Structures are given as structure tokens and as C-alpha cells.
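Right, one structure below, let's go through it.
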Amino acid sequence: MERTLNFDLVRRFPRGPVVSARGAWPLDGERVTVLFGPSGSGKTTVLRALAGLDRPDEGRIVFEGETWFDAGRGIHVPPQRRHVGLLFQDYALFPHLSVRANVGYGLHSVPKAERDGRIDELAGRFGIADLLGRKPGELSGGQRQRVALARAIAPGPRLLLLDEPLSALDGPTRESLRGELRELLVRTGVPAVVVTHDRLEALALGDRMAVLVGGSIRQVGPVPQVFTNPVDAEVARAVGTENVLPAKVTRSEMGLLVLEAGGAEILAVDPGSAGDEVYACIRAEDVVLESLERHGSSARNRLEGTVVSRQEEGALVRVRVACGPTLVVLVTRESADRMGLAPGLRVVAVVKAPGVRVVAR
Amino acid sequence: MERTLNFDLVRRFPRGPVVSARGAWPLDGERVTVLFGPSGSGKTTVLRALAGLDRPDEGRIVFEGETWFDAGRGIHVPPQRRHVGLLFQDYALFPHLSVRANVGYGLHSVPKAERDGRIDELAGRFGIADLLGRKPGELSGGQRQRVALARAIAPGPRLLLLDEPLSALDGPTRESLRGELRELLVRTGVPAVVVTHDRLEALALGDRMAVLVGGSIRQVGPVPQVFTNPVDAEVARAVGTENVLPAKVTRSEMGLLVLEAGGAEILAVDPGSAGDEVYACIRAEDVVLESLERHGSSARNRLEGTVVSRQEEGALVRVRVACGPTLVVLVTRESADRMGLAPGLRVVAVVKAPGVRVVAR
Amino acid sequence: GGGTSLTVAAAASLKPAVEEWRRDFEAAHPRVSVSVVFGASGTFFAQIQAGAPFDLFLSADREYPDRIVAAGLGAAADEKVFAIGRLVVWTPSGSPLDIGRDGLASVAGPGVRRIAIANPAVAPFGRAAEGALRSAGILDAVRERLVLGTSVGQAAQFATTGAADVAFLPWSLALEKELAGGRVFVLPENAHPRIELAGVVLSAAREAPLARAFLAHAAGPGGRAALTGHGFGLP
Amino acid sequence: MDTGALLLSVELATLTTLLLVGLGLPLAWWLANTRWKGRFLVEAVVALPLVLPPTVLGFYLLVGLGPRSPAGRAFEAVVGHPFPFSFAGLLLASVLYSAPFAVQPFVGALAGVDRRLLEASHALGVSRLGTFFRVALPLAWPGVLAGTVLAFAHTLGEFGVVLMVGGNIPGRTRTLSVAIFDHVEALEYAAAHRTAALLLGVSFVVLALVHALRRGSLPAWNGR
Amino acid sequence: MDTGALLLSVELATLTTLLLVGLGLPLAWWLANTRWKGRFLVEAVVALPLVLPPTVLGFYLLVGLGPRSPAGRAFEAVVGHPFPFSFAGLLLASVLYSAPFAVQPFVGALAGVDRRLLEASHALGVSRLGTFFRVALPLAWPGVLAGTVLAFAHTLGEFGVVLMVGGNIPGRTRTLSVAIFDHVEALEYAAAHRTAALLLGVSFVVLALVHALRRGSLPAWNGR
Ligand SMILES: Nc1ncnc2c1ncn2[C@@H]1O[C@H](COP(=O)(O)OP(=O)(O)OP(=O)(O)O)[C@@H](O)[C@H]1O
Ligand SMILES: Nc1ncnc2c1ncn2[C@@H]1O[C@H](COP(=O)(O)OP(=O)(O)OP(=O)(O)O)[C@@H](O)[C@H]1O
Ligand SMILES: [Mg+2]
Ligand SMILES: [Mg+2]
């Protein structure tokens, strides 16, 4: 059977923007698609359309050969017959039902013993076993989110749609649940679309990543690749590329492009056909800082500059260096301390040519 | 005037746990307190009590010399007269009012022109200027969160209580709002208690961090210090310390403790009076991996072992090394690639003695 | 405006006669306006006890005025019987019943499913109807088929809508336009307990002399003519 | 005492309420959810019987459903006896007259149920009917109860329509309210007081029980 | 035509409804929020007048508030004229009798308002009263409207209490519903039909307008 999710939909909000997203995702090898994108870009809208809760104004949705929606032919399979598991961004737990009843809600046709077994198993997995007798109003925010996740998964859906499933959880809980979720997705083999704003989560959960910007899907690809090779500046910003520098192509040299950005010269791999006015996208982690003493000369992609600010970020330190353009650089705490990085210090920012991604402006 | 927030409260949930938290926080230099803690530890409960929405069963709350609550004397200042700005974890936006009316809700006694000015200023700051005419039902999750944030801040409260103010936002938006928020907090000088699950956010926003575990505040201190020097194993786990190893003190040597953990010997700075059975808390970023060839010998705090797994985490790589105990190590992608880190590879994990925090078991 | 006004509470069954009296009385007393409230005698009794602003009470029987007097709400001298009620049996057009031919007992015949009477507990004409059925010896036979209107008006409505096959009504009501299509059989006065319609001037009346005058007019020649014209007997 | 009348009243009120819940809830659910422009007409029509005095409504029912009308003949053909003066007729009239008391609060309460919860239920594979019973109804409970109580109490007290359509036949269509009315009209005040006290006592116990029941079933999120 | 009676009816229904909204909303708000154990008793008592036939209720009002009773003398002292057979008395009786139609739906609707929104309002410095008007009332709107419509329509149609307490005095206490009743009683069917048509027509327009109004004011989150 053709295991794919095909959709091409347009949703026009009367008092809002137009979301028009399309995708054609094989579901065999790459089962988990991460949906990434800025706030308001249309992620929830796409999930709601896939779940059948919202009727797009145009387009089609075909899942594993079944047409779920076709505006032209007037087809709209109701949500009940799509068998998707949707985790709502705001949970939408049933306030009048206990946690047990919430999690078991979609298991109405399952015998009680089996249902209870399934609930208990999921509750154990997601750390809500002690809460089964409570009502949602008696839970904390993160507990509610876990209940909603268990509820969406319990009926064994054909497709899981998770809208920020772990956003309300603390680091350790989140990490353990990420593991549980990944394990569960792999074991059951159910395809999933997961919305997240977290790079680690995308990397840990996703086989494929789709980036939604301004209502349309701009890029789809393996997760690490999308993070490192955004196709345009907006995607680059959406995936958190710290340095998106407007640049000019001055010339081409031995297959490399020579860019001029903020007065500095940067070498980059030529992507072909980007034009003259471009953006140079550089991830902060791909810039290395060196002390001025070590190399006196300012060779290519070695930009001399001054540290503007230093901000601790746990294991890493975020440094801004004014070196023509102002570059954001991530270095380990160890090397930052070794170099004595502090505002005012003169340093050299080394940018590796493969770390510079050139996209059209 | 005495600028402090003093509270000591006990809240017993009939069908839930007991939250009993206390704090005495000067508000002059260190205005922003970050409340950190696992899901369900009582963060929201504390904020609700401070806001006056929930009446604790016991205790007192005194803010800047004003007694807001005193169970013994039967004092309970209603929320209306506390002038706090509370951002609800689930937003609680008024569904029947426009975004403009939501943000302006607390400004009822302000003249219309001034009110509109304030709303427009905050809307610009928080990127919701285009949404002022919509109703909350017509917003995305992250947009709702920003509206709720603006609504809490608009009336110029005496104390801001923010329950995960940025959790629903994508990385770039979050970062920019973090900046706006910090700037606003500094500029207005209003003290704040901010709940977050995010280390970066805690570091960026907080002057002081309080860690809540199991309903009580276990540690209070400057943010970076709490992350690096947790007082007990539970706090260590709560702040995301990756390695919390049960260990035995074997002997003391030149002011250093010699620990035995999972068969390996680890040197640590003696905290004094931790007893014999302890936990050794080691942050993954404080472990360095070296190739086996470089140093043949297995000297102290140099634990030889095998890479068990490697997981990309953006700029960093998370590696598990079985070297007696199984250590989680964070290294830069660059060095991981240089060393060819992959499951099966033999490596040496170097743990610096100051990076080992010993706490009583 | 400018003149005095007299308020009369009158049993609904008296409506056609009272309306005529009112016209005549107002014609004779140009500065007086008479307003008449029609209703159930039991209701009026309760209202009079509660201080209703009525000057004169015209009841469908003697019992209520007697009680008014007994309760001290009116003087015995101001109570007067002014008419005798006449009971008729009304059948719709096309009904196979012919009481004139077959006698009252034919009401108990198999073709009659429902017999409408006013509730004997509250309406004098209902008590009379029950008495008529009893003297005809068919009360027990038809008891199951009786439907009780709260008032004679309601009994008439049962008949006009076809819900009942036979109705026992005051003659005055049977002369109404809505009942004109049916057949009316006037029962002899001795076929049922005597219905004496009495009026009493209330001691709380603001216009007691006028009320006495109105009652006198009702019992006088002009009033009697109206009564006979509308199907009432005379005392 | 009027135990027969009491029983009849309770029976009529109970059946009327059951019918109104059975028919009114679906109608209210539809009214609360439809996007049809003309729904306000339906709502107005449902409320309309209210504005007529009960006896007058009864009169029109007799006219419209009496043995001379086509509808009345249809009623007789279906039910087996004519509409007027029968318990079935009484029931129909009561249902019509008490309908707004049930339907209006039902609509009000059902319209207040958060749509996202209904969507969540649909997404979990539960049919529209199942969602109605498992989510909408429990959440609209206070309003549904209000409507039910109103319909029940009003039917107990109603006597205008009952009198007109029922014909006040002891044991068959004489309800307790009609009996009290008769007592008052016949100046049998002592009997009226006794019967009224009985009706009030029984009703008070029923109403207090119903309201006490509701207290326990308030959703927890409203108690936080 | 009975324009005087129509005006009187509309005036009575409007004033009754206004009074019921004015008094019933605070009572309902209190009932919806109190944690007092005895609140179910209050709710039962509010609904109780319903179970009495209107004329009987009117009778008891006459007895209880008549000029011979202490309460009646108090009424007279305050209002300036005796309770029975006056417009003020009629109004009081109508308010009492229609109270449950307003209060019950009000309670149902107000109890359904999400407490967190009230808390949000309090935290934003808005008083309890302000919160009631700015949050609770708009969100409970469908149910509040239902109660208001019921109270209005029911007062229009009521005649039992009105007849008993008001005494059917033309121009003062004869409402349109009493007038129709009189016409039917007197077998003046043509006049009755005309008056009923007038009442129905006016009411239909009012009801349709009210319901059409509501459509527009449904909260947006219910439209997503
Ligand atoms: N009912 C509506 N009416 C008008 N505009 C709407 C409506 N629902 C959503 N929108 C708009 O459509 C866009 C996409 O919304 P959506 O909820 O899909 O965003 P999202 O990607 O999920 O964002 P977030 O990460 O903040 O949840 C947003 O700009 C939002 O404001
Ligand atoms: N009304 C209630 N009844 C019973 N237990 C409750 C109630 N409210 C909260 N709790 C419990 O109290 C504890 C603290 O809840 P709280 O909401 O303060 O947690 P939190 O620290 O905010 O967690 P999160 O990060 O998940 O939001 C939790 O275990 C929760 O289940
Ligand atoms: Mg969303
Ligand atoms: Mg919380």
C-alpha cells in the first residue's frame, strides 16, 4: 500500500491571513515529520485540517491512498473516521472527567479490562499514574499536557498530530518524555507530525523537518540538513540561524564565492544561481574565535573584531563580535574563559567556507 | 521603604499534595526572581497565592511592608488591591473581547487616549500590533501568549508574576521577546517572579533563582550559581544536571574527597559535612573527552570508557560514555567529529575536580 | 370624565343583560359611567374579602351574596334576587339527539360521548345541570361522560369546538351568535334546582347610593325586560 | 385527600418533562449549533405559546385538534381516541405549553459549551451523538437542569390548559392544581390550604433534592 | 381594539422583566458563586411559586398582602395604596410568579462561566461588580437572554395571577391576556381571534428580534 501523506490546502481566515500549505511525505522510512515555524505561521491550522476539524477552502488531503478531503469533489471525511490522534496546543481536556476517563475517552469500544491496562501503561510511561483519579482542574500545567498526550495516543491512531507536545515541561521531564515518545513512535510505527519550537526536540524526534513560514511550507528535508542548509533567509531565521547577513557577491574564485558583508570579505561555497544580492547565513556555532596574538595577519574568512557582549548560556557562551558585520558566536565556556572573552577584547572570528550558506535575497 | 517580598505559605490540596514554600527576597538590587522546578512542583500554586487568587491554608505574605495575607490574623487582601500583573499559564484571555480590549482590560481607569497609546506601545513591543482587532479565538497559540503577557504588563503592576511567559514561542520570537521583557523589567524597575523551564531564559532574565521541588523551595541564589552548585540531588536533577551519581566517600586527601562511583575513582572538592554516602553531581559540559592514544595512563579523574551513544544537539553533541558509571558528556560538534566519536569508540572522560559537586544522599 | 363611576362585578353568564342595563343606566345618569367586570363568582368573593374596589356584586346564584352578608361585607337589606336562571340543553347542528322528542334521558344514549357542564362545585348552573341529570335519573349513567368547565363559558367552548356532544348552558348564553347553529332545548323550571341570581351592594362601596340605584334598575321594569330578552326567568 | 389528583399531576409533570427533555434537547442542540440564518424564527416560534393565556391556548388546541379538525381526526386515528379530555391530549398540550421553559435554557446552556471540547471528542473518534452525551450534556448540566426543573414545576402548577383540554374529569384529567383551583373557587378554603400545602411540600422536597444533586455534579474546574 | 390592554400588558411585562433582571441577576450571581451549603434551599424556594396554579397563588397573595394582613398594611404604607387591584400589586405578583423563569436560566448560565476568567479579571484590578458586568454577563449572555425572554413572554401570557390580584379593571389592571380570556369566555370568538393575533404578532416580532440580536453577539471562540 502507498504509505504517503499528500496534502495541498488553502485556508483563508476571514479576519486573518491565508494559510496555503502543501506536502507529499512518504511515511515508510521517515515516519516522523517535525513541523517547525514561527508563531502564527500556520502550524496549528495545518494540523487541524489534517485532523478534519477545519475544512480548508481549497485543496486535497490524501492519506495512505484514502482521500480525506477534496474541495473540488466535495469530499470531507469527518474527524471520527480519520482515526488521527490530535494533541491540542491548549490540551482541551474534558473538565468534567477524571484523568483516567480523559485518557480512556477514545477507547470507548475497548473492553474495560483492556482499556484500564492501556491507560495504566500510558500513565506509567508519561508519569501521570498518581493523577488518574483527579480532574483536569486539579492538575498543574505540565501534568495537563502529559494527560493530553496520553489521551491522543491511547486509541492507537493511524496518524499522530502533536501540537507542541512537550512545551510545558521542565528539562528533565521533557527529556525523559522525548525518549518515551520516540520509543513509542518507533515501536508502534505510527506516522506522526510533531509541531515544536525546540531544535533539540526536532533533532531527537524527527526524521524529516518541514518549515512553515508565513502560511506556506518553504522547505522539507532531513532535520539536521534543514538546520544547516536553509533555502532562504526566512527559513534561516525560522530555524534559528543567528547570523543572516545581507551580502553582495563580488566575484567567484575557484568555485567559491567571494562575498562582501558589512565591509568584510567572506568566502562561501557557491550554491549556484543565487544572484548578486544575497544573504549569508552563518550559524553561531560555525564561527570559531581565536586570540589576536596567535595569528597576526587577517587572512580570508578571518575577521578581526571586538567583543561587544558576552552572555552565558549554560554549557556555551554567546558572544557578539563587531567585525564589520556583527557576528553572533557560540563558544564553549571553557574556551571563552581560556581566552578571557569580555566586551572590548579584540579577537579573530574564523568562518569556515562550508559554514556559510548563500541564499538569494 | 523596605523593598522585600516575604512569604511563608502552606497550601494543602484536598485531593493533591501539600505545597509549602517560603522565601524572603530583597527586591532592590535583584528584582527578577526565576522560579524553576519540575512539573507539578508548585510553581503555579505559589504565584496564585502571591496574586491573591488562592488562599493558602497557613502562613503569611508581606510585600514591601504590606501584609497581603496572614492566616493567623485572618488577613487576605483581595487580588484587586494587590496590583500584581499575573500571566496565567493557560492565558485565560477573555474570549468575548478583542485583543485590544484584552490588553486594555486592566486600564479601565486610564483615559482612552492614554490607554490606546499604552496598548499600541506594548503591542508593537510584543509583535501583536496587527492582531488588535481580532478575538482570542482567532489567534495562534503563541500569539495568545503574547497578548496575555501584554495584558498582564499593561496596568503597570507593582509586582509581575509570569507563569512561563514565553513557552509557546519559536526560538527567534522568544529571544526577541526575552530581550523586550528584560529591557522592560529593567526600565520600569518592577520586581518580577518568572516561572520558566528554560535554562537560557533563567540565565537571561533572572537576577535570582529559586528552585521548587516537591512543593518546597530548596535553594535560592544567583542564577548561574544555582545551576552549577545545587544543594542536593533533587535540585541537581531539577536544574538539569545530567550526571547525578550515587557515590561513597573512600578517603580525604589534601582537602579533596576521593569518591568511588560505579567502580571508578573520582576526586572532588570537599563541601564539608556531606557524610559518607553522597551524590556526585557533574554537569555534562564539565566533562571533557580525550582520545585514548593521547594519554595511555588512567590517572585520577581520567576515566577510560566506551562511547555508548552519540546524539546531535545542534551546536553540541551529547555522548554517553560507559566508564564505570555511565557519564553523559556534552562536546562541541567540531571536537566530536575530530575525535570520530561513535558508539564503540574507546575514550577517556576527564572530570575536573571543581566540576564535581558533592551533596549528601 | 369629571363624573362619578360605578364598578360592578358581575357573573359572566349575566353579560348580555348587564351590558343592556349599563347602557340604559348611563343614559339615565349622564354623569355616571358604569364599568363592569365579568368573572367567576368564587373569584369575586375572594377579591371582595381582600378589599376589591367594587360597588356592586351581581352573582350567578344566591349563595355568594348570602356569604357576603354573613361575612359583614354587605347589608342584608342591600341583597336582592333579581332573576331566575333558565337551563337549556344545547346540541350542535347535525346531532342525532332530539331532546324535545326523546326527553332528557336520551342524553344517556350511546351516541353521546361527552357532556359538557359547568363545574357544579364552583358554578351554580353546573349544580343545576347536575340536578337536572339526577332528576332525569341518568346522572350515574352519564357521570363518566361529564366534562366540567370552570365556568359556563368554558362548557360552551367545549360545545362550540365539537369537543363535547351536548352542553348544559344558561339560556342566556345559548342565545349567543357562536351557538346559533345548534339546537336549544329549554328545560322546564322544575327540571332542576332553582337558580336564584342575587345582587348585593357592598358595604365598602364608594358609590353606595348609585349601586343601590343600579340594582334597583336591574330589578325594575327596564331591567326585567332585558332579563327576559336574554333568557332569564323572573323571580 | 386528593391523592388521585396528586398522582395524576406527578404523572403528567413527569411524562411532560421526559418528553420535553427527549424532544427539547435535540432541538436545542440543533439550535445551538446550526449556522442557518433562520434559526431565530424557530426560537421565536418555540417561545410563542407562552404569550397566550393558557386557557386561550387550550381553546385553540381544542379548535385545532378537536374532532372536527383534520389534525384532530389524525390524532384520533393514531392514538385511538379523540384529543380532548384524554390524558394523551393533556400531555400533548402540556408539552407544547411548557416547551419554551425547557428549550430556552437548554439552548442557553448548550451554546455555552466550549467548541474545542466537542472537537477534541470528534478527533478521538466519538460520534456526534456520543459527544453530545459524554461532553455537551454534562457540561451544560446546570442549564439543562434549570430547564428541566422549570418544565416540571410549571406543568405541576399549570391548570389553564389542563382545564380546557382535560375537562376536569376526576381521576383522569383533574390534576392537583385544578383541584386547588376548584377548592378556592368553591370557597372551600380549608381544603385548598391542605392541598396547596401538600403540593408545596412535595414540590419543595423534589426541588431541593434536584438542586442538592446539582451541587455535587459541578465540574471541578469550576471549583478551583 | 384593546390598545389600552395591549399597552398595559407591554408595560407590565417590560417592568416585570426589568425588575427580574435587576433583582434576579444579583441573586443568580450569588447562587452561582456561593459555597453556602443551604443555597439549594433558596433555589427551591425561588422555584416554588411555579407549582401553584396562578389563580391560587394570586389568592394567597390577596390573603397575605390584602389590607387585613400586616404585610398588606406595610405595602399600603410604603406604596400609598393597597396592594390588591393596583398596578403596583400586579407588578409585585408578576415578579414573584415569573421569578423562576428568569432566575433559573440565569443561574445555569452564570454557573457555566469559567472561573479562571473571573480570576483573571480580579487580578487585573477589576472589582467584583466590574467583573460581573465585563466578563460574567457577556459570557453568560445566551442563558441570560433565555431567562429574560421567558420572563417577558410569560408575563405577557399570564392571566391567572393578574385576574386574581388585579381584578380585571379596564385601563388599570385588565391586560391583553385577560381581555382575550374574557372574549373567549363570553364566546366573542371573533374579537378573541383578533386580539390573540395582535398579541402573537407583536410577540413574534419582539422574540424574533431578540433572538436575531443574540446571533450577532455569540462569543467568537464559539465560532472557531
Ligand atoms: N479563526 C481565525 N481567524 C483569523 N485568523 C486566524 C484564525 N485562526 C488562526 N488565525 C491566524 O492564522 C495564522 C496561523 O495560525 P496558527 O494557529 O496555525 O499558527 P501556529 O503556526 O500554530 O502558531 P503558534 O506557534 O503561535 O501556535 C495566525 O496568524 C493566526 O493569527
Ligand atoms: N486543585 C487542585 N487539587 C489537587 N491538586 C492540585 C490542585 N492544583 C494543583 N494541584 C497539585 O499541586 C501540585 C503543584 O501544582 P502547580 O500547578 O503549582 O505545579 P507547577 O509547578 O506549576 O507545575 P507545571 O510546571 O506542570 O505547571 C501538582 O502536583 C498538582 O497536581
Ligand atoms: Mg499553534
Ligand atoms: Mg504551573
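Chains: A, B, ... in order of the C-alpha cells. Residues: from 1 per chain. Ligands: from 1, in order shown.
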| Do you know which residues are within 9 Å of ligand 2 using only C-alpha atoms and all ligand atoms? Can you write them as a ChimeraX atom specification? | /A:131,134-145,168-170 /B:11-19,35-48,89,163-164,195-197,212-215 /D:220-221,223-224
| request: Please return, as a list in words, all residues of chain D lying within 6 Å of chain C when only C-alpha atoms are considered. | output: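 Per the criterion, chain D yields Val63, Gly66, Gly167, Asn168, Ile169, Glu185 and Ala186 of chain D.
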| request: Determine, counting only C-alpha atoms, which protein, DNA and RNA residues have an atom within 12 Å of an atom of Cys323 (chain A); residues of the same chain fewer than 6 positions away are not included. Present the result as a ChimeraX atom specification. | output: /A:261-266,289,298,301-308,329,345-351
| Backbone DSSP call of alpha helix (DSSP H) for chain D, listed as a VMD selection string | chain D and resid 3 to 33 39 to 47 54 to 65 70 to 79 87 to 111 115 to 123 128 to 131 137 to 139 141 to 157 160 to 166 176 to 185 189 to 216
| task | Excluding Ser13 (chain C) and any residue of its chain fewer than 4 positions from it, enumerate the residues within 10 Å of it, using only C-alpha atoms, and give them as a count of residues only. | result | 19
| field | Shell of 10 Å around region 112-118 of chain A, only C-alpha atoms, local chain residues under 4 positions omitted, as a ChimeraX atom specification | value | /A:100-101,103-108,122-124,150,154-155
| field | Within 7 Å of chain E: residues of chain B, using only C-alpha atoms, as a list of chain:residue names | value |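 Interface list for chain B against chain E: B:Ala51, B:Leu53, B:Pro79, B:Gln80, B:Arg81, B:His83, B:Val84, B:Gly85, B:Leu86, B:Ala92, B:Phe94, B:Pro95, B:His96, B:Gly106, B:Lys135, B:Gly137.
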| task | Pick out the residues sitting within 12 Å of Ser69 (chain E), and hand them over as a ChimeraX atom specification; count only C-alpha atoms, and ignore anything fewer than 5 positions along from it in its own chain. | result | /C:49-51 /E:60-64,74-76,82-84
| query | In Å, with one decimal, what is the gap from CA of Ala190 (chain D) to CA of Val45 (chain E)? | reply | 23.0 Å
| field | Closest of E:Gly157, E:Arg73, E:Val103, E:Leu150 to Leu27 (chain E) - atom-to-atom distances counting only C-alpha atoms | value |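 Comparing E:Gly157, E:Arg73, E:Val103, E:Leu150 against Leu27 (chain E), the winner is E:Val103.
Here CA of Ala238 (chain B) is placed at a distance of 11.4 Å from CA of Arg174 (chain A).
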